[in-house]
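J.: Below is the file start11.pdb, with PDB, C-alpha atoms.
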ATOM      1  CA  MET A   1       4.233  46.505  19.504
ATOM      2  CA  ALA A   2       3.400  49.304  17.036
ATOM      3  CA  GLU A   3       6.336  48.253  14.831
ATOM      4  CA  SER A   4       5.193  44.627  14.972
ATOM      5  CA  ALA A   5       1.619  45.484  14.000
ATOM      6  CA  GLY A   6       2.866  47.736  11.221
ATOM      7  CA  SER A   7       5.055  44.980   9.787
ATOM      8  CA  VAL A   8       2.167  42.531   9.799
ATOM      9  CA  MET A   9       0.020  45.052   7.925
ATOM     10  CA  LEU A  10       2.897  45.547   5.474
ATOM     11  CA  ALA A  11       3.107  41.803   4.833
ATOM     12  CA  ARG A  12      -0.621  41.511   4.195
ATOM     13  CA  SER A  13      -0.550  44.570   1.946
ATOM     14  CA  ALA A  14       2.346  43.111  -0.049
ATOM     15  CA  MET A  15       0.454  39.854  -0.579
ATOM     16  CA  ASN A  16      -2.617  41.734  -1.810
ATOM     17  CA  ARG A  17      -0.572  44.045  -4.058
ATOM     18  CA  ALA A  18       1.417  41.240  -5.634
ATOM     19  CA  ALA A  19      -1.763  39.286  -6.278
ATOM     20  CA  THR A  20      -3.662  42.169  -7.904
ATOM     21  CA  GLU A  21      -1.042  44.343  -9.600
ATOM     22  CA  GLY A  22       1.761  42.035 -10.726
ATOM     23  CA  GLN A  23       2.050  39.922 -13.840
ATOM     24  CA  ARG A  24       2.386  36.828 -11.666
ATOM     25  CA  PRO A  25       0.307  35.793  -8.663
ATOM     26  CA  ALA A  26       1.651  36.283  -5.142
ATOM     27  CA  GLY A  27       1.590  32.552  -4.615
ATOM     28  CA  ARG A  28       0.242  29.193  -5.701
ATOM     29  CA  PRO A  29      -2.756  27.829  -3.787
ATOM     30  CA  VAL A  30      -2.358  24.221  -2.669
ATOM     31  CA  ARG A  31      -5.435  22.276  -1.574
ATOM     32  CA  GLY A  32      -6.125  18.696  -0.571
ATOM     33  CA  ALA A  33      -4.345  16.710   2.136
ATOM     34  CA  ARG A  34      -2.136  14.831  -0.311
ATOM     35  CA  ARG A  35      -0.898  17.918  -2.153
ATOM     36  CA  ILE A  36      -0.473  19.901   1.052
ATOM     37  CA  SER A  37       1.561  17.048   2.538
ATOM     38  CA  ALA A  38       3.759  16.976  -0.568
ATOM     39  CA  ALA A  39       4.255  20.758  -0.347
ATOM     40  CA  LEU A  40       5.283  20.544   3.312
ATOM     41  CA  ALA A  41       7.668  17.672   2.571
ATOM     42  CA  GLY A  42       9.148  19.740  -0.260
ATOM     43  CA  LEU A  43       9.696  22.706   2.046
ATOM     44  CA  ALA A  44      11.418  20.465   4.579
ATOM     45  CA  ALA A  45      13.637  18.906   1.917
ATOM     46  CA  SER A  46      14.633  22.296   0.457
ATOM     47  CA  THR A  47      15.594  23.895   3.786
ATOM     48  CA  ARG A  48      19.292  24.686   3.972
ATOM     49  CA  HIS A  49      20.011  27.779   6.081
ATOM     50  CA  GLU A  50      17.081  29.342   7.918
ATOM     51  CA  LEU A  51      13.580  28.478   9.096
ATOM     52  CA  LEU A  52      11.196  31.157  10.398
ATOM     53  CA  THR A  53       7.728  30.300  11.694
ATOM     54  CA  PHE A  54       4.639  31.589  13.398
ATOM     55  CA  ASP A  55       3.226  28.425  14.906
ATOM     56  CA  ASP A  56       0.262  27.560  17.120
ATOM     57  CA  PRO A  57       0.340  23.817  17.903
ATOM     58  CA  VAL A  58      -2.929  24.156  19.835
ATOM     59  CA  ALA A  59      -4.957  25.503  16.889
ATOM     60  CA  SER A  60      -5.629  22.064  15.409
ATOM     61  CA  ALA A  61      -6.425  20.351  18.723
ATOM     62  CA  SER A  62     -10.181  20.978  18.560
ATOM     63  CA  ARG A  63     -10.462  20.504  14.777
ATOM     64  CA  ALA A  64     -11.297  17.322  12.910
ATOM     65  CA  ILE A  65      -7.895  16.901  11.280
ATOM     66  CA  PRO A  66      -6.649  13.353  10.529
ATOM     67  CA  GLU A  67      -3.899  12.269  12.876
ATOM     68  CA  PRO A  68      -1.627  11.050  10.049
ATOM     69  CA  PHE A  69      -1.661  14.554   8.547
ATOM     70  CA  LEU A  70      -0.735  16.101  11.893
ATOM     71  CA  GLU A  71       2.078  13.579  12.311
ATOM     72  CA  LEU A  72       3.424  14.310   8.832
ATOM     73  CA  ALA A  73       3.218  18.096   9.287
ATOM     74  CA  GLY A  74       5.029  17.843  12.624
ATOM     75  CA  ALA A  75       7.668  15.532  11.196
ATOM     76  CA  CYS A  76       8.275  17.909   8.270
ATOM     77  CA  MET A  77       8.713  20.795  10.700
ATOM     78  CA  ARG A  78      11.260  18.846  12.735
ATOM     79  CA  ALA A  79      13.115  17.740   9.600
ATOM     80  CA  ALA A  80      13.312  21.324   8.316
ATOM     81  CA  ALA A  81      14.515  22.565  11.708
ATOM     82  CA  GLU A  82      17.232  19.915  11.802
ATOM     83  CA  ARG A  83      18.451  20.955   8.360
ATOM     84  CA  ALA A  84      18.488  24.700   9.062
ATOM     85  CA  GLY A  85      21.424  26.459  10.665
ATOM     86  CA  GLU A  86      19.085  29.087  12.154
ATOM     87  CA  VAL A  87      15.579  28.372  13.467
ATOM     88  CA  ARG A  88      13.320  31.063  14.916
ATOM     89  CA  ARG A  89       9.891  29.909  15.984
ATOM     90  CA  ILE A  90       7.267  32.227  17.513
ATOM     91  CA  VAL A  91       4.330  30.662  19.360
ATOM     92  CA  PRO A  92       1.405  32.182  21.294
ATOM     93  CA  ARG A  93       1.514  32.175  25.070
ATOM     94  CA  HIS A  94      -1.427  29.784  25.388
ATOM     95  CA  ALA A  95       0.563  27.090  23.528
ATOM     96  CA  LEU A  96       3.381  26.886  26.085
ATOM     97  CA  PRO A  97       1.967  23.849  27.969
ATOM     98  CA  ARG A  98       1.633  21.983  24.658
ATOM     99  CA  LEU A  99       5.239  22.775  23.791
ATOM    100  CA  GLU A 100       6.480  21.298  27.043
ATOM    101  CA  ASP A 101       4.546  18.070  26.465
ATOM    102  CA  GLY A 102       5.141  17.790  22.718
ATOM    103  CA  PRO A 103       8.123  16.634  20.664
ATOM    104  CA  ARG A 104      11.228  18.780  20.743
ATOM    105  CA  ILE A 105      12.070  20.925  17.735
ATOM    106  CA  PRO A 106      15.654  22.192  17.318
ATOM    107  CA  GLY A 107      16.455  25.880  17.298
ATOM    108  CA  ARG A 108      15.265  28.935  19.210
ATOM    109  CA  ALA A 109      11.690  29.641  20.205
ATOM    110  CA  ARG A 110      10.008  32.736  21.626
ATOM    111  CA  PHE A 111       6.458  33.312  22.787
ATOM    112  CA  ALA A 112       4.136  36.255  22.307
ATOM    113  CA  ASP A 113       0.625  37.033  23.504
ATOM    114  CA  ALA A 114      -0.641  36.049  20.046
ATOM    115  CA  ILE A 115       0.575  35.382  16.511
ATOM    116  CA  PRO A 116      -0.956  37.214  13.524
ATOM    117  CA  PHE A 117      -1.216  34.106  11.313
ATOM    118  CA  LYS A 118       0.484  30.769  10.803
ATOM    119  CA  LEU A 119       3.642  31.075   8.710
ATOM    120  CA  ILE A 120       6.611  29.111   7.391
ATOM    121  CA  VAL A 121       9.526  30.863   5.650
ATOM    122  CA  VAL A 122      12.411  28.803   4.253
ATOM    123  CA  ASP A 123      15.767  30.445   3.473
ATOM    124  CA  ARG A 124      14.000  33.776   2.801
ATOM    125  CA  THR A 125      13.071  32.508  -0.665
ATOM    126  CA  VAL A 126       9.769  30.665  -0.212
ATOM    127  CA  ALA A 127       6.941  30.973   2.309
ATOM    128  CA  ALA A 128       3.751  29.090   3.137
ATOM    129  CA  VAL A 129       0.676  30.719   4.683
ATOM    130  CA  PRO A 130      -2.653  28.948   5.314
ATOM    131  CA  LEU A 131      -5.423  30.114   3.007
ATOM    132  CA  ASP A 132      -7.524  30.803   6.114
ATOM    133  CA  LEU A 133      -4.402  32.102   8.002
ATOM    134  CA  GLU A 134      -4.941  29.424  10.690
ATOM    135  CA  LEU A 135      -4.753  25.806   9.507
ATOM    136  CA  LEU A 136      -2.484  24.379   6.823
ATOM    137  CA  TYR A 137      -4.872  21.436   6.479
ATOM    138  CA  ASN A 138      -7.487  23.758   4.962
ATOM    139  CA  GLY A 139      -5.088  24.742   2.177
ATOM    140  CA  LEU A 140      -1.982  26.871   1.890
ATOM    141  CA  LEU A 141      -0.539  29.582  -0.325
ATOM    142  CA  LEU A 142       2.980  28.738  -1.487
ATOM    143  CA  ILE A 143       4.701  32.105  -2.012
ATOM    144  CA  ARG A 144       7.855  32.747  -4.021
ATOM    145  CA  ASP A 145       7.331  36.404  -4.900
ATOM    146  CA  PRO A 146      10.468  38.061  -3.402
ATOM    147  CA  VAL A 147       8.616  41.211  -2.300
ATOM    148  CA  VAL A 148       5.986  39.254  -0.399
ATOM    149  CA  VAL A 149       8.534  36.867   1.115
ATOM    150  CA  GLN A 150      10.675  39.737   2.364
ATOM    151  CA  ALA A 151       7.611  41.478   3.801
ATOM    152  CA  LEU A 152       6.780  38.299   5.716
ATOM    153  CA  VAL A 153      10.389  38.041   6.922
ATOM    154  CA  ARG A 154      10.179  41.629   8.152
ATOM    155  CA  ALA A 155       6.900  40.905   9.962
ATOM    156  CA  HIS A 156       8.482  37.888  11.645
ATOM    157  CA  HIS A 157      11.569  39.891  12.653
ATOM    158  CA  ALA A 158       9.444  42.662  14.193
ATOM    159  CA  CYS A 159       7.477  40.123  16.245
ATOM    160  CA  TRP A 160      10.661  38.283  17.215
ATOM    161  CA  THR A 161      12.248  41.384  18.743
ATOM    162  CA  THR A 162       9.290  41.891  21.108
ATOM    163  CA  ALA A 163       8.677  38.221  21.972
ATOM    164  CA  GLU A 164      10.061  36.485  25.081
ATOM    165  CA  GLU A 165      12.740  33.815  24.843
ATOM    166  CA  LEU A 166      11.824  30.200  25.457
ATOM    167  CA  VAL A 167      14.865  28.106  26.348
ATOM    168  CA  ARG A 168      14.651  24.485  25.231
ATOM    169  CA  LEU A 169      17.186  21.774  24.542
ATOM    170  CA  PRO A 170      17.221  20.452  20.956
ATOM    171  CA  PRO A 171      16.743  16.722  20.301
ATOM    172  CA  PRO A 172      19.577  14.641  18.865
ATOM    173  CA  ARG A 173      19.888  14.820  15.089
ATOM    174  CA  SER A 174      18.818  11.781  13.108
ATOM    175  CA  ALA A 175      21.488   9.804  11.347
ATOM    176  CA  GLY A 176      21.541   7.481   8.384
ATOM    177  CA  GLY A 177      19.096   7.335   5.529
ATOM    178  CA  PRO A 178      17.133   4.938   3.322
ATOM    179  CA  PRO A 179      18.897   2.299   1.263
ATOM    180  CA  GLU A 180      20.244   3.995  -1.865
ATOM    181  CA  LEU A 181      17.963   1.872  -4.053
ATOM    182  CA  LEU A 182      14.900   3.207  -2.211
ATOM    183  CA  ARG A 183      15.815   6.905  -2.041
ATOM    184  CA  PRO A 184      14.221   7.777  -5.430
ATOM    185  CA  VAL A 185      11.125   5.850  -4.355
ATOM    186  CA  LEU A 186      10.882   7.892  -1.152
ATOM    187  CA  GLU A 187      11.212  11.146  -3.099
ATOM    188  CA  ALA A 188       8.492  10.050  -5.514
ATOM    189  CA  LEU A 189       6.248   8.909  -2.663
ATOM    190  CA  VAL A 190       6.290  12.259  -0.836
ATOM    191  CA  SER A 191       5.912  14.231  -4.073
ATOM    192  CA  GLY A 192       2.237  13.264  -4.264
ATOM    193  CA  LEU A 193       2.525  11.493  -7.660
ATOM    194  CA  THR A 194       0.249   8.605  -8.546
ATOM    195  CA  ASP A 195       1.900   5.180  -8.679
ATOM    196  CA  GLU A 196       1.707   5.208 -12.478
ATOM    197  CA  ALA A 197       3.345   8.636 -12.775
ATOM    198  CA  ALA A 198       6.009   7.777 -10.190
ATOM    199  CA  ALA A 199       6.851   4.495 -11.925
ATOM    200  CA  ALA A 200       7.136   6.267 -15.277
ATOM    201  CA  ARG A 201       9.395   8.940 -13.792
ATOM    202  CA  LEU A 202      11.690   6.303 -12.285
ATOM    203  CA  GLY A 203      11.685   4.161 -15.422
ATOM    204  CA  MET A 204      10.237   1.051 -13.809
ATOM    205  CA  SER A 205       7.034  -0.952 -14.053
ATOM    206  CA  ALA A 206       4.107  -0.187 -11.770
ATOM    207  CA  ARG A 207       4.550  -3.617 -10.161
ATOM    208  CA  THR A 208       8.227  -2.957  -9.410
ATOM    209  CA  TYR A 209       7.435   0.488  -8.011
ATOM    210  CA  SER A 210       4.728  -0.974  -5.771
ATOM    211  CA  ARG A 211       7.181  -3.602  -4.500
ATOM    212  CA  ARG A 212       9.817  -0.942  -3.766
ATOM    213  CA  VAL A 213       7.243   1.132  -1.866
ATOM    214  CA  GLY A 214       6.504  -1.953   0.224
ATOM    215  CA  GLU A 215      10.211  -2.373   0.955
ATOM    216  CA  LEU A 216      10.464   1.290   1.926
ATOM    217  CA  MET A 217       7.516   1.070   4.313
ATOM    218  CA  ALA A 218       9.015  -2.070   5.853
ATOM    219  CA  ALA A 219      12.296  -0.188   6.391
ATOM    220  CA  LEU A 220      10.313   2.580   8.091
ATOM    221  CA  GLY A 221       8.310   0.150  10.218
ATOM    222  CA  THR A 222       4.859   1.073   8.921
ATOM    223  CA  THR A 223       2.181  -0.235   6.558
ATOM    224  CA  SER A 224       0.747   3.229   5.829
ATOM    225  CA  ARG A 225       2.110   5.400   3.030
ATOM    226  CA  PHE A 226       0.977   8.521   4.851
ATOM    227  CA  ARG A 227       2.821   7.495   8.022
ATOM    228  CA  ALA A 228       5.836   6.456   5.959
ATOM    229  CA  GLY A 229       6.283  10.070   4.881
ATOM    230  CA  ALA A 230       5.991  11.267   8.467
ATOM    231  CA  GLU A 231       8.476   8.699   9.728
ATOM    232  CA  ALA A 232      10.936   9.471   6.934
ATOM    233  CA  ALA A 233      10.773  13.172   7.807
ATOM    234  CA  ARG A 234      11.186  12.388  11.519
ATOM    235  CA  ARG A 235      14.333  10.392  10.781
ATOM    236  CA  GLY A 236      15.748  13.162   8.604
ATOM    237  CA  TRP A 237      15.607  11.059   5.438
ATOM    238  CA  LEU A 238      13.931  13.783   3.381
TER     239      LEU A 238
END
Show me, as structure tokens, the structure contained in the file I just sent.
T.:
Amino acid sequence: MAESAGSVMLARSAMNRAATEGQRPAGRPVRGARRISAALAGLAASTRHELLTFDDPVASASRAIPEPFLELAGACMRAAAERAGEVRRIVPRHALPRLEDGPRIPGRARFADAIPFKLIVVDRTVAAVPLDLELLYNGLLLIRDPVVVQALVRAHHACWTTAEELVRLPPPRSAGGPPELLRPVLEALVSGLTDEAAAARLGMSARTYSRRVGELMAALGTTSRFRAGAEAARRGWL
């Protein structure tokens, strides 16, 4: 426990030091539901080898967070876990009933009496921490500073070694993907770009882009762009 607490203090100290002493900031603040959603989708899409998290699925239960955002965040987490070869998720003890009732996430999970803060680390190269250390919806810090990322990895490892194993069966992996014509549209949609910017990036008219978005949502079985991102992540299309 002393090692775990020391590692957490080290991670927080590294974030503060990188932010105040370095030539570059420790991370980039991301605010607003749309930009946060795009950041989470980007993390899921970039995951290749390893996913480390401190996660409390109960924390948002009593907060006024839009359901589509929660669905998208959960879908991004599942998509990242399905992409990663190694998944290590640490949750607080009080969240165990929610885990049993909630959707299955691939990989290993352990539980501890408490987690120090919410955390996502992808491939030991990029990390996301809530600005308030609790809820991603309130804003997150996207961290690429290697010193800070490694300090967070060390904090996670120290907590992992003292946590208790939770044995769960992973869900089946999603197969398939969007029609090839719609894949660039999906990538533009989850990037958080406006329709005008997305159409310009893809070299098509705004009307054509809007029509392709409609086709994509029809393929995903939804009429909501927000839910389309969540469903695409759930299917492993991102």
J.: Name all residues at most 9 Å from Leu216 in chain A (count only C-alpha atoms; drop same-chain ones fewer than 2 positions away) and give them as a short mmCIF file (atom, residue, chain, number, x, y, z; two decimals) with C-alpha atoms, keeping the file's coordinate frame.
T.:
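Written output follows (result_11.cif):
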data_model
loop_
_atom_site.label_atom_id
_atom_site.label_comp_id
_atom_site.auth_asym_id
_atom_site.auth_seq_id
_atom_site.Cartn_x
_atom_site.Cartn_y
_atom_site.Cartn_z
CA PRO A 178 17.13 4.94 3.32
CA PRO A 179 18.90 2.30 1.26
CA LEU A 182 14.90 3.21 -2.21
CA ARG A 183 15.82 6.90 -2.04
CA VAL A 185 11.12 5.85 -4.36
CA LEU A 186 10.88 7.89 -1.15
CA ARG A 211 7.18 -3.60 -4.50
CA ARG A 212 9.82 -0.94 -3.77
CA VAL A 213 7.24 1.13 -1.87
CA GLY A 214 6.50 -1.95 0.22
CA ALA A 218 9.02 -2.07 5.85
CA ALA A 219 12.30 -0.19 6.39
CA LEU A 220 10.31 2.58 8.09
CA GLY A 221 8.31 0.15 10.22
CA THR A 222 4.86 1.07 8.92
CA ALA A 228 5.84 6.46 5.96
#
J.: Near Arg227 in chain A, counting only C-alpha atoms, which residues have an atom at most 9 Å away, once you skip same-chain residues fewer than 5 positions from it, shown as a ChimeraX atom specification?
T.: /A:68-69,71-72,217,220,222,232
J.: Please identify all polymer residues within 6 Å of range 74-80 of chain A, counting all atoms listed in the file, omitting same-chain residues fewer than 2 positions from it, and present them as an NGL selection string.
T.: :A and (41 or 44 or 47 or 71-72 or 82-83 or 105 or 230 or 233-234 or 236)
J.: Counting only C-alpha atoms, which of A:Trp237, A:Glu86, A:Glu180, A:Leu52 gets nearest to Arg154 in chain A?
T.: A:Leu52
J.: Go through the shown structure with the PyMOL selection byres ((chain A and resi 139) around 6) and write out the matching residues as an NGL selection string.
T.: :A and (30-31 or 130-131 or 136-138 or 140)
J.: Could you tell me how far CA of Pro146 in chain A sits from CA of Trp160 in chain A, in Å to one decimal place?
T.: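 Spanning CA of Trp160 in chain A to CA of Pro146 in chain A is a straight-line distance of 20.6 Å.
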J.: Quick one, how far is CA of Arg63 in chain A from CA of Asp132 in chain A?
T.: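 That distance, rounded to one decimal, is 13.8 Å.
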J.: Please compute the CA of Leu152 in chain A-CA of Asp123 in chain A distance, one decimal, in Å.
T.: 12.1 Å
J.: Quick one: everything within 8 Å of Gly107 in chain A, counting all atoms listed in the file, minus sequence neighbours fewer than 3 positions away in the same chain. Send it as a PyMOL selection string.
T.: chain A and resi 81+86-89+170
J.: Hey, can you pull every residue with an atom no more than 9 Å from (6.2, 29.0, 13.2), using only C-alpha atoms, and send it as number ranges by chain?
T.: A: 51-56, 77, 88-91, 109, 118-121
J.: Near Arg110 in chain A, counting all atoms listed in the file, which residues have an atom at most 6 Å away, once you skip same-chain residues fewer than 5 positions from it, shown as a ChimeraX atom specification?
T.: /A:90,163-166
J.: Nearest to Arg48 in chain A: which of A:Gly85, A:Gly32, A:Pro66, A:Pro97 is it, counting all atoms listed in the file?
T.: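 The shortest atom-to-atom distance to Arg48 in chain A comes from A:Gly85.
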J.: Given the choices A:Ala84, A:Cys159, A:Val148, A:Leu141, which gets closest to Gly27 in chain A if the distance is worked out from all atoms listed in the file?
T.: A:Leu141
J.: Out of A:Ala64, A:Ala112, A:Leu142, A:Leu181, which residue has the shortest atom-to-atom distance to Ala128 in chain A when counting all atoms listed in the file?
T.: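 Counting all atoms listed in the file, the residue closest to Ala128 in chain A is A:Leu142.
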